[in-house]
Structures are given as C-alpha cells and as structure tokens.
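Undergrad: For reference, this is work.cif, and it has mmCIF, C-alpha atoms.
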```cif
data_structure
loop_
_atom_site.label_atom_id
_atom_site.label_comp_id
_atom_site.auth_asym_id
_atom_site.auth_seq_id
_atom_site.Cartn_x
_atom_site.Cartn_y
_atom_site.Cartn_z
CA MET U 1 47.24 -27.63 -128.28
CA VAL U 2 50.87 -27.46 -127.23
CA THR U 3 52.29 -30.80 -126.12
CA GLY U 4 55.37 -31.68 -124.08
CA ALA U 5 57.17 -32.81 -127.22
CA ASP U 6 56.63 -29.36 -128.80
CA VAL U 7 57.98 -27.61 -125.71
CA ALA U 8 61.02 -29.89 -125.59
CA PHE U 9 61.69 -29.30 -129.28
CA TRP U 10 61.55 -25.51 -129.14
CA LEU U 11 63.66 -25.40 -125.99
CA LEU U 12 66.34 -27.87 -127.07
CA ALA U 13 66.49 -27.25 -130.82
CA PRO U 14 68.37 -23.91 -130.48
CA VAL U 15 70.78 -25.53 -128.01
CA MET U 16 71.42 -28.40 -130.42
CA VAL U 17 72.04 -26.05 -133.34
CA LEU U 18 74.47 -23.90 -131.33
CA ALA U 19 76.28 -26.96 -130.03
CA ALA U 20 76.54 -28.39 -133.55
CA ILE U 21 78.02 -25.12 -134.82
CA ALA U 22 80.45 -25.08 -131.89
CA MET U 23 81.47 -28.66 -132.66
CA VAL U 24 82.47 -27.71 -136.19
CA ALA U 25 83.97 -24.32 -135.33
CA SER U 26 85.98 -25.35 -132.25
CA ARG U 27 89.72 -25.53 -132.74
CA LYS U 28 90.37 -27.98 -129.92
CA PRO U 29 89.19 -31.59 -130.34
CA VAL U 30 88.13 -31.81 -126.70
CA HIS U 31 85.76 -28.86 -127.09
CA SER U 32 84.31 -30.41 -130.25
CA ALA U 33 83.69 -33.70 -128.44
CA LEU U 34 81.96 -31.94 -125.55
CA SER U 35 79.76 -29.98 -127.97
CA LEU U 36 78.84 -33.25 -129.67
CA ALA U 37 77.92 -34.66 -126.25
CA VAL U 38 75.49 -31.76 -125.75
CA VAL U 39 73.85 -32.52 -129.10
CA MET U 40 73.49 -36.22 -128.26
CA ILE U 41 72.01 -35.56 -124.81
CA CYS U 42 69.49 -33.09 -126.23
CA LEU U 43 68.57 -35.63 -128.90
CA ALA U 44 67.98 -38.25 -126.21
CA VAL U 45 65.60 -35.89 -124.42
CA GLN U 46 63.75 -35.40 -127.71
CA TYR U 47 63.30 -39.17 -128.00
CA ALA U 48 61.96 -39.33 -124.46
CA ALA U 49 59.49 -36.54 -125.18
CA LEU U 50 58.24 -38.45 -128.25
CA ASP U 51 57.51 -41.59 -126.16
CA ALA U 52 60.44 -43.54 -127.62
CA PRO U 53 62.06 -45.05 -124.51
CA PHE U 54 64.20 -47.54 -126.41
CA LEU U 55 65.86 -44.86 -128.55
CA PHE U 56 66.27 -42.66 -125.45
CA ALA U 57 68.13 -45.42 -123.59
CA VAL U 58 70.28 -46.34 -126.60
CA GLN U 59 71.18 -42.71 -127.23
CA ILE U 60 72.32 -42.19 -123.62
CA ILE U 61 73.94 -45.55 -122.88
CA VAL U 62 75.51 -46.44 -126.24
CA TYR U 63 76.27 -43.20 -128.04
CA THR U 64 76.70 -40.60 -125.30
CA GLY U 65 77.91 -42.86 -122.50
CA ALA U 66 80.15 -45.23 -124.46
CA ILE U 67 81.18 -44.19 -127.94
CA LEU U 68 81.49 -40.44 -127.43
CA MET U 69 83.24 -40.75 -124.06
CA LEU U 70 85.64 -43.24 -125.64
CA PHE U 71 86.45 -40.68 -128.34
CA LEU U 72 86.95 -38.02 -125.68
CA PHE U 73 89.27 -40.19 -123.58
CA VAL U 74 91.31 -41.18 -126.63
CA VAL U 75 91.72 -37.53 -127.63
CA MET U 76 92.79 -36.58 -124.11
CA LEU U 77 95.24 -39.48 -123.77
CA VAL U 78 96.80 -39.24 -127.23
CA GLY U 79 97.20 -35.48 -126.94
CA VAL U 80 95.41 -32.40 -128.20
CA ASP U 81 98.60 -30.66 -129.32
CA MET U 82 99.38 -33.15 -132.07
CA LYS U 83 99.19 -31.76 -135.59
CA ASP U 84 97.29 -33.59 -138.29
CA SER U 85 99.43 -35.20 -140.93
CA MET U 86 98.83 -33.82 -144.43
CA VAL U 87 100.29 -36.94 -146.09
CA GLU U 88 97.58 -39.05 -147.71
CA THR U 89 97.99 -42.75 -147.04
CA ILE U 90 95.24 -43.48 -149.58
CA ARG U 91 95.45 -41.59 -152.85
CA GLY U 92 92.37 -39.75 -154.02
CA GLN U 93 90.61 -39.78 -150.67
CA ARG U 94 89.96 -36.02 -150.70
CA PRO U 95 88.00 -36.01 -154.00
CA LEU U 96 86.09 -39.07 -152.81
CA ALA U 97 85.32 -37.27 -149.54
CA VAL U 98 83.96 -34.27 -151.45
CA VAL U 99 81.76 -36.53 -153.61
CA ALA U 100 80.52 -38.40 -150.54
CA GLY U 101 79.73 -35.09 -148.80
CA LEU U 102 77.72 -33.84 -151.77
CA ALA U 103 75.86 -37.14 -151.99
CA PHE U 104 75.03 -37.00 -148.29
CA ALA U 105 73.81 -33.40 -148.64
CA ALA U 106 71.57 -34.41 -151.55
CA LEU U 107 70.22 -37.36 -149.57
CA LEU U 108 69.50 -35.11 -146.60
CA ILE U 109 67.67 -32.57 -148.79
CA LEU U 110 65.57 -35.30 -150.38
CA ALA U 111 64.72 -36.83 -146.99
CA VAL U 112 63.66 -33.50 -145.49
CA GLY U 113 61.69 -32.61 -148.62
CA ASN U 114 59.92 -35.96 -148.61
CA ALA U 115 59.04 -35.59 -144.94
CA ALA U 116 57.72 -32.06 -145.51
CA THR U 117 55.60 -32.84 -148.58
CA SER U 118 54.32 -36.39 -148.01
CA PRO U 119 51.58 -37.18 -145.49
CA SER U 120 53.04 -38.09 -142.13
CA ILE U 121 52.21 -41.22 -140.14
CA GLY U 122 51.62 -40.63 -136.48
CA LEU U 123 53.83 -42.27 -133.88
CA GLU U 124 50.88 -43.86 -132.12
CA GLU U 125 49.68 -45.48 -135.34
CA ALA U 126 53.16 -46.81 -136.10
CA ASN U 127 53.60 -48.21 -132.60
CA GLY U 128 50.09 -49.66 -132.59
CA ALA U 129 50.84 -51.85 -135.60
CA TYR U 130 53.30 -53.90 -133.53
CA GLY U 131 51.98 -53.35 -130.03
CA GLY U 132 54.57 -50.86 -128.79
CA ASN U 133 57.64 -48.82 -129.58
CA VAL U 134 60.23 -51.50 -128.73
CA GLN U 135 58.28 -54.21 -130.54
CA GLY U 136 57.92 -51.98 -133.57
CA LEU U 137 61.64 -51.31 -133.72
CA ALA U 138 62.41 -55.01 -133.38
CA GLY U 139 59.96 -55.85 -136.16
CA LEU U 140 61.45 -53.27 -138.52
CA ILE U 141 65.11 -54.05 -137.76
CA PHE U 142 64.95 -57.84 -137.75
CA HIS U 143 62.20 -58.38 -140.32
CA ARG U 144 61.61 -55.61 -142.82
CA TYR U 145 65.05 -53.96 -142.85
CA VAL U 146 67.20 -56.90 -141.74
CA PHE U 147 69.33 -56.74 -144.90
CA ALA U 148 70.01 -53.01 -144.47
CA PHE U 149 70.78 -53.63 -140.79
CA GLU U 150 73.41 -56.22 -141.67
CA LEU U 151 74.89 -53.92 -144.30
CA THR U 152 75.18 -51.20 -141.66
CA SER U 153 77.05 -53.61 -139.39
CA ALA U 154 79.45 -54.41 -142.21
CA LEU U 155 79.87 -50.69 -142.86
CA LEU U 156 80.83 -50.06 -139.23
CA ILE U 157 83.40 -52.84 -139.34
CA THR U 158 84.79 -51.42 -142.57
CA ALA U 159 84.98 -47.96 -140.98
CA ALA U 160 86.93 -49.37 -138.03
CA LEU U 161 89.38 -51.11 -140.35
CA GLY U 162 89.69 -47.92 -142.40
CA ALA U 163 90.53 -45.93 -139.28
CA MET U 164 93.25 -48.44 -138.44
CA VAL U 165 94.69 -48.16 -141.96
CA LEU U 166 94.65 -44.35 -141.89
CA ALA U 167 96.25 -44.22 -138.44
CA PHE U 168 98.97 -46.72 -139.31
CA ARG U 169 102.45 -45.30 -139.72
CA GLU U 170 105.32 -47.32 -141.06
CA ARG U 171 108.42 -47.45 -138.89
CA LEU U 172 111.29 -45.80 -140.74
CA GLY U 173 113.98 -47.40 -138.60
CA GLU U 174 114.44 -50.34 -136.31
CA LYS U 175 113.05 -50.18 -132.81
CA LYS U 176 115.75 -49.16 -130.35
CA THR U 177 116.61 -51.83 -127.83
CA GLN U 178 117.79 -51.24 -124.27
CA LYS U 179 121.36 -51.93 -125.36
CA VAL U 180 121.20 -49.25 -128.06
CA LEU U 181 119.68 -46.70 -125.66
CA VAL U 182 122.42 -47.31 -123.10
CA ALA U 183 125.09 -46.91 -125.77
CA GLU U 184 123.55 -43.59 -126.85
CA ARG U 185 123.48 -42.32 -123.27
CA MET U 186 127.14 -43.22 -122.76
CA ARG U 187 128.02 -41.56 -126.07
CA ARG U 188 126.28 -38.33 -125.02
CA TYR U 189 128.10 -38.52 -121.69
CA ALA U 190 131.46 -38.80 -123.47
CA LYS U 191 130.79 -36.00 -125.97
CA GLU U 192 128.50 -33.55 -124.16
CA GLY U 193 129.01 -34.44 -120.52
CA GLU U 194 125.36 -35.39 -120.00
CA HIS U 195 125.07 -37.73 -117.02
CA PRO U 196 123.96 -41.20 -118.16
CA GLY U 197 122.03 -41.95 -114.99
CA PRO U 198 118.63 -40.70 -113.88
CA LEU U 199 118.11 -37.16 -112.70
CA PRO U 200 118.73 -36.53 -109.00
CA THR U 201 115.66 -36.81 -106.85
CA PRO U 202 114.21 -33.88 -104.91
CA GLY U 203 116.36 -33.00 -101.94
CA VAL U 204 116.33 -34.98 -98.73
CA PHE U 205 117.72 -32.17 -96.65
CA ALA U 206 117.32 -31.61 -92.93
CA ARG U 207 113.64 -32.04 -92.05
CA HIS U 208 112.35 -31.62 -95.61
CA ASN U 209 111.70 -34.12 -98.40
CA ALA U 210 109.64 -32.24 -100.99
CA VAL U 211 109.61 -31.68 -104.75
CA ASP U 212 110.34 -27.97 -104.28
CA THR U 213 113.54 -28.63 -102.29
CA PRO U 214 116.60 -29.01 -104.55
CA ALA U 215 119.08 -31.77 -103.90
CA LEU U 216 122.60 -30.92 -102.74
CA LEU U 217 125.73 -32.05 -104.52
CA PRO U 218 128.77 -33.30 -102.58
CA ASP U 219 130.33 -29.82 -102.67
CA GLY U 220 127.21 -28.31 -101.05
CA THR U 221 125.84 -26.61 -104.17
CA GLN U 222 122.29 -27.13 -105.40
CA ALA U 223 121.51 -29.64 -108.16
CA GLU U 224 119.42 -27.57 -110.57
CA THR U 225 118.13 -30.62 -112.43
CA SER U 226 116.52 -32.06 -109.31
CA VAL U 227 113.65 -29.56 -109.36
CA SER U 228 110.95 -29.27 -112.02
CA ALA U 229 111.30 -26.39 -114.46
CA THR U 230 107.66 -25.50 -113.80
CA LEU U 231 108.39 -24.80 -110.14
CA LYS U 232 111.36 -22.67 -111.16
CA ALA U 233 109.18 -20.60 -113.49
CA ARG U 234 106.64 -20.09 -110.71
CA GLY U 235 109.32 -19.11 -108.22
CA GLN U 236 108.29 -21.86 -105.81
CA VAL U 237 111.70 -23.48 -105.32
CA LEU U 238 112.99 -23.37 -101.75
CA ASP U 239 116.50 -22.20 -100.96
CA SER U 240 118.51 -25.01 -99.42
CA SER U 241 120.84 -22.55 -97.73
CA GLU U 242 117.92 -21.19 -95.69
CA LEU U 243 116.84 -24.69 -94.76
CA SER U 244 120.35 -25.56 -93.59
CA GLN U 245 120.27 -22.87 -90.91
CA ALA U 246 117.92 -24.95 -88.74
CA THR U 247 120.25 -27.93 -89.04
CA GLN U 248 123.29 -25.83 -88.19
CA GLN U 249 121.55 -24.44 -85.12
CA THR U 250 120.67 -27.96 -84.00
CA LEU U 251 124.25 -29.12 -84.52
CA ARG U 252 125.61 -26.15 -82.56
CA ALA U 253 123.16 -26.88 -79.76
CA ILE U 254 124.21 -30.53 -79.63
CA THR U 255 127.88 -29.60 -79.75
CA SER U 256 127.50 -27.06 -76.94
CA ASN U 257 125.64 -29.59 -74.79
CA ASP U 258 128.42 -32.13 -75.31
CA ASP U 259 131.04 -29.54 -74.36
CA ASP U 260 129.12 -28.62 -71.20
CA GLN U 261 128.87 -32.27 -70.21
CA GLU U 262 132.60 -32.79 -70.74
CA ASP U 263 133.35 -29.73 -68.60
CA GLU U 264 131.16 -31.02 -65.78
CA GLN U 265 132.95 -34.35 -65.84
#
```
Would you mind writing the structure in this file as structure tokens?
TA:
Amino acid sequence: MVTGADVAFWLLAPVMVLAAIAMVASRKPVHSALSLAVVMICLAVQYAALDAPFLFAVQIIVYTGAILMLFLFVVMLVGVDMKDSMVETIRGQRPLAVVAGLAFAALLILAVGNAATSPSIGLEEANGAYGGNVQGLAGLIFHRYVFAFELTSALLITAALGAMVLAFRERLGEKKTQKVLVAERMRRYAKEGEHPGPLPTPGVFARHNAVDTPALLPDGTQAETSVSATLKARGQVLDSSELSQATQQTLRAITSNDDDQEDEQ
C-alpha cells in the first residue's frame, strides 16, 4: 500500500537531487545558496511526511530560516564578484581536505550499505519506546549520545574559529587616517587637477531637481561629473539648455510686464 511518505519521497527526491547538482555546478554563490535552500525545504517536507514534527520545525526554523539565509545575506552583502584567494593561510589544507573527503565518502558508503543490509527498525517502534518522537529525540541526545552531542557542539565552535582564521587578512600597511586622506586629495589636486571636494550634486535648475539633470558651472556649461555614468550610458540625461528655455521665457514675460507697467505710469 502506498503511503503519503512514499508519495512525498518520489515527488521530492528528484527535485532534491537536481537542486543538489545545481548547488555544486552553479558558478554564482547566490544561485548555489538558493539551490541549497530548495534541498533543505524538500528535506523538511520529508520529515513531516515521516511524522517527525520536531525535525521538520528545526529544519525550517534553524537551518533554512536562519543559517542558510544568513549565508545568503552575507554573500549578497560582501559581493558575488569577489575572486577567491589562492593563497593558503594554513599549509597542507588541500591534502587534508582530500583525505577528509575520501573518509566522508567511505563513511557514507558504509552507512548506506548498513541501512540496506541490516534489518530496519520502524519509526513507530522507535517512537513508542520513549512515548513520542520529541521524547525519543531528547532521550537519545541527552542520555545515550550526550557525549557525541557535546563533541558536535565543540566541532561547530572549532569550525567557526577556523572560518575566522581563514578569512583573516593581515594589514600590509597602516590604516589611513582622515589627515592622510586629505593630504592625498590635495596632492592629487596639485598634480592632476582633481578637485579635492565632493562631486557636484545633481542640478537644481529652473523647476527641476533630479538626478538626471546635470548641474551648471558658473560659466553656464554642464558639470559632467554631477550625473551618474549609468544614466549617461542609458541616454537618460536631460539637456540643461532645453530646460533653460522655460526659465528664459518666464524672465522675458516678467521683463515685458515690468516694461508695460512703467509705460503706463
């Protein structure tokens, strides 16, 4: 008889496999993180179908909702265009990584082989020994496997410290102070003519105050640096000379009205 767990497995297993392949094959870290999110969500549904509500909630709240989204936000904030550094901060980490990968593959093969050959224990029987799924997990984690649980906690802390060590970069020079930055700007101004002040703001001209309106210099010409280069590439920059026609017409109208009033007087 086909159960709901069987239907959920055969529907979601292909999706999980494709998402896992996409996670490894994707070139962009954001796409890999999203593919991993699909795998985690499908795994949570599998737990729910197997009557494991505690694992379902932990999978959604902790892993998918917290840890994975944190990874995704960090990748998006730090930048996806950054290239990985090929300099090893810890010598010999690549051979150790290969050995660890082979050991994990062997452990996975042994676990799958043991599950396929040894007699399986039903979920209902395992939950019945402790009175429920949550109680059974608590009994195993805090009684039978409490030592392994504490070792896993220590492993996670060690992994976090290792990530901090790998991401650390020594500063090759002293941090530039505000005084040094000002001196460099004045030096560039003396040698290259680069203005030491901030860029001019978008033009406040006539009735317009927008980012696509260039500012005007004292001689009436447009300040090219006041408009974003992106707007220039898109051809969305307004011509200040066209905008000045409305102002000139208004000035001529005011001037003509003043002249008419003087003539009447």
Undergrad: Using only C-alpha atoms, can you tell me which of U:Ile60, U:Leu68, U:Leu172, U:Ala52 comes closest to U:Val30?
TA: U:Leu68
Undergrad: Distance atom CA of U:Asn127-atom CA of U:Ala66, one decimal place?
TA: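 Atom CA of U:Ala66 lies 27.9 Å from atom CA of U:Asn127.
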Undergrad: Set the distance at 12 Å and use only C-alpha atoms: which residues neighbour U:Leu11 once local chain neighbours fewer than 5 positions away are removed? I'd like the list as a PDB file with C-alpha atoms, keeping the file's coordinate frame.
TA:
```pdb
ATOM      1  CA  GLY U   4      55.370 -31.680-124.080  1.00  0.00           C
ATOM      2  CA  ALA U   5      57.170 -32.810-127.220  1.00  0.00           C
ATOM      3  CA  ASP U   6      56.630 -29.360-128.800  1.00  0.00           C
ATOM      4  CA  MET U  16      71.420 -28.400-130.420  1.00  0.00           C
ATOM      5  CA  VAL U  17      72.040 -26.050-133.340  1.00  0.00           C
ATOM      6  CA  CYS U  42      69.490 -33.090-126.230  1.00  0.00           C
ATOM      7  CA  LEU U  43      68.570 -35.630-128.900  1.00  0.00           C
ATOM      8  CA  VAL U  45      65.600 -35.890-124.420  1.00  0.00           C
ATOM      9  CA  GLN U  46      63.750 -35.400-127.710  1.00  0.00           C
ATOM     10  CA  ALA U  49      59.490 -36.540-125.180  1.00  0.00           C
TER      11      ALA U  49
END
```
Undergrad: Grab the atom CA of U:Ser226 to atom CA of U:Pro214 distance for me, in Å with one decimal place.
TA: 5.7 Å
Undergrad: Here is a test: counting only C-alpha atoms, which residue of U:Asp212, U:Phe149, U:Val180, U:Val15 is nearest to U:Gly235?
TA: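 Ranking U:Asp212, U:Phe149, U:Val180, U:Val15 by distance to U:Gly235, first place goes to U:Asp212.
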Undergrad: Select, from U:Val134, U:Ala129, U:Ile90, U:Val182, the residue with the minimum atom-to-atom distance to U:Phe168, counting all atoms listed in the file.
TA: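 Among the listed residues, the smallest separation from U:Phe168 belongs to U:Ile90.
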Undergrad: Measure the distance from atom CA of U:Met40 to atom CA of U:Thr64 in Å and round it to one decimal.
TA: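 Distance between the two atoms: 6.2 Å.
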